[in-house]
Amino acid sequence: MATNNSLSSITNKKSFWIWIIVGLILFWPVGLGMLILKLKNDRSATMNGIFANVISFVGWCLVIFGVLVFIACVGVPEAVGAGIFSFLLLGGGGFVMLRLSKKMKSRGSRYKKMINLVVNQKQTSIDNIASAVGLPYDDVVADLQTMINSHYFPGASIDSTNREIILPIISTAPKEEYNHQAGSFKVVSCSSCGANNTVTLGMVVPCDYCGAPLS
């Protein structure tokens, strides 16, 4: 049952992304609203460079289409106003998409590095994390707190006195809710965020840190 629910969740995620892309192409303000909602509820989307590239592609398409419409309207005096409006609407939307794509790639790269340091390398010193990612201490604290609030690090907290991130003790055994069938388990590196997770063979479960499906 858990496997079926996970597969259904994966299918729903893919379908939602298709609708987002269609929305961005047909009417970008609606697509942008759907995208923002998706990013708030799907942590793995932030890590996946494919989504950022798709948004970048849509952004360039909007910019180019806006320029072409403007050029086509320039030669028709009564259509110049419509051409300017179209350029601002489409080109503006395109620039918003391109800026969002750049931010997604930058944020995803930072988050992956921090997950690798904290989860895989067991690094808790924020000073060491800041040194490893090449960012100021305060910026790293802000990122870590945002990740904690967004449930990338379940149950974690920031110890300002000792300048550490405190993680709860996580069992190395597979989650009980997915362990109702006998079988071996293995450590799997999440293809989305890179975190190591322990899963039961033959089961599809969400990553503890970004929610991406693991098997």
# chains A, B, ... in the order shown; residues from 1 in each chain; ligands from 1
>>> residues_around(residues="range 201-204 of chain A", least_positions_apart="5", cutoff="6 Å", atoms="only C-alpha atoms", output="CSV table (one decimal) with C-alpha atoms, in the first residue's frame")
chain,number,residue,atom,x,y,z
A,3,THR,CA,4.5,1.7,-2.5
A,184,SER,CA,16.9,-6.5,3.2
A,185,PHE,CA,17.7,-2.8,3.2
A,214,LEU,CA,13.8,6.6,-3.4
A,215,SER,CA,13.8,2.9,-4.2
>>> closest_atom_pairs(of="range 41-136 of chain A", to="range 19-33 of chain A", cutoff="10 Å", atoms="only C-alpha atoms", output="Markdown table")
| residue | atom | partner | partner_atom | distance |
| --- | --- | --- | --- | --- |
| A:Phe51 | CA | A:Ile21 | CA | 9.7 |
| A:Val54 | CA | A:Ile21 | CA | 8.1 |
| A:Ile55 | CA | A:Ile21 | CA | 7.9 |
| A:Val58 | CA | A:Ile25 | CA | 6.7 |
| A:Gly59 | CA | A:Leu24 | CA | 8.6 |
| A:Cys61 | CA | A:Ile25 | CA | 8.4 |
| A:Leu62 | CA | A:Ile25 | CA | 7.6 |
| A:Leu89 | CA | A:Trp28 | CA | 8.9 |
| A:Leu90 | CA | A:Trp28 | CA | 8.0 |
| A:Gly92 | CA | A:Trp28 | CA | 9.8 |
| A:Gly93 | CA | A:Trp28 | CA | 6.3 |
| A:Gly94 | CA | A:Trp28 | CA | 8.4 |
| A:Val96 | CA | A:Leu32 | CA | 9.0 |
| A:Met97 | CA | A:Leu32 | CA | 8.1 |
| A:Leu100 | CA | A:Leu32 | CA | 9.8 |
>>> write_last_selection(atoms="C-alpha atoms", output="mmCIF file, in the first residue's frame")
data_model
loop_
_atom_site.group_PDB
_atom_site.id
_atom_site.type_symbol
_atom_site.label_atom_id
_atom_site.label_comp_id
_atom_site.auth_asym_id
_atom_site.auth_seq_id
_atom_site.Cartn_x
_atom_site.Cartn_y
_atom_site.Cartn_z
ATOM 1 C CA PHE A 51 13.105 22.291 -13.579
ATOM 2 C CA VAL A 54 12.813 24.305 -18.196
ATOM 3 C CA ILE A 55 11.869 27.610 -16.571
ATOM 4 C CA VAL A 58 10.243 29.135 -21.167
ATOM 5 C CA GLY A 59 11.665 32.517 -20.115
ATOM 6 C CA CYS A 61 10.759 31.777 -25.382
ATOM 7 C CA LEU A 62 8.624 34.525 -23.831
ATOM 8 C CA LEU A 89 3.789 41.430 -20.835
ATOM 9 C CA LEU A 90 5.703 38.655 -22.576
ATOM 10 C CA GLY A 92 8.603 41.036 -18.607
ATOM 11 C CA GLY A 93 7.353 37.547 -17.884
ATOM 12 C CA GLY A 94 10.378 36.104 -19.611
ATOM 13 C CA VAL A 96 10.977 37.085 -14.372
ATOM 14 C CA MET A 97 11.366 33.431 -15.443
ATOM 15 C CA LEU A 100 13.763 32.853 -11.013
#
>>> residues_around(residues="range 146-155 of chain A", least_positions_apart="2", cutoff="8 Å", atoms="only C-alpha atoms", output="mmCIF file with N, CA and C atoms, in the first residue's frame")
data_model
loop_
_atom_site.group_PDB
_atom_site.id
_atom_site.type_symbol
_atom_site.label_atom_id
_atom_site.label_comp_id
_atom_site.auth_asym_id
_atom_site.auth_seq_id
_atom_site.Cartn_x
_atom_site.Cartn_y
_atom_site.Cartn_z
ATOM 1 N N ARG A 43 10.018 20.208 -1.904
ATOM 2 C CA ARG A 43 11.413 20.545 -1.620
ATOM 3 C C ARG A 43 12.356 20.020 -2.697
ATOM 4 N N TYR A 111 22.025 24.436 -1.221
ATOM 5 C CA TYR A 111 21.336 23.472 -0.365
ATOM 6 C C TYR A 111 21.948 22.078 -0.489
ATOM 7 N N ALA A 142 21.366 31.829 7.938
ATOM 8 C CA ALA A 142 20.070 32.162 7.337
ATOM 9 C C ALA A 142 19.597 31.034 6.438
ATOM 10 N N ASP A 143 20.512 30.469 5.643
ATOM 11 C CA ASP A 143 20.145 29.360 4.759
ATOM 12 C C ASP A 143 19.738 28.127 5.555
ATOM 13 N N LEU A 144 20.523 27.797 6.574
ATOM 14 C CA LEU A 144 20.216 26.622 7.395
ATOM 15 C C LEU A 144 18.869 26.777 8.098
ATOM 16 N N SER A 157 17.793 22.167 14.798
ATOM 17 C CA SER A 157 17.748 23.516 15.376
ATOM 18 C C SER A 157 19.149 24.126 15.309
ATOM 19 N N LEU A 167 21.108 18.179 14.991
ATOM 20 C CA LEU A 167 20.190 17.253 14.321
ATOM 21 C C LEU A 167 19.706 16.199 15.305
ATOM 22 N N PRO A 168 18.449 15.765 15.183
ATOM 23 C CA PRO A 168 17.973 14.676 16.036
ATOM 24 C C PRO A 168 18.653 13.377 15.629
ATOM 25 N N ASP A 208 14.258 11.512 3.294
ATOM 26 C CA ASP A 208 14.020 12.157 4.591
ATOM 27 C C ASP A 208 14.223 13.671 4.531
ATOM 28 N N TYR A 209 14.999 14.129 3.558
ATOM 29 C CA TYR A 209 15.423 15.529 3.561
ATOM 30 C C TYR A 209 14.781 16.395 2.481
ATOM 31 N N CYS A 210 14.519 15.830 1.302
ATOM 32 C CA CYS A 210 13.898 16.646 0.260
ATOM 33 C C CYS A 210 12.576 16.087 -0.242
#
>>> closest_residue(among="A:Ser56, A:Ser191, A:Gln145, A:Asn162", to="Leu98 in chain A", atoms="only C-alpha atoms")
A:Ser56
>>> closest_residue(among="A:Asn48, A:Asn116, A:Ser86, A:Thr124", to="Asn197 in chain A", atoms="only C-alpha atoms")
A:Asn116
>>> select_by_dssp(residues="chain A", states="strand (DSSP E)", output="JSON, numbers by chain")
{"A": [157, 158, 159, 164, 165, 166, 185, 186, 187, 188, 189, 196, 197, 198, 199, 200, 205, 206, 213, 214]}
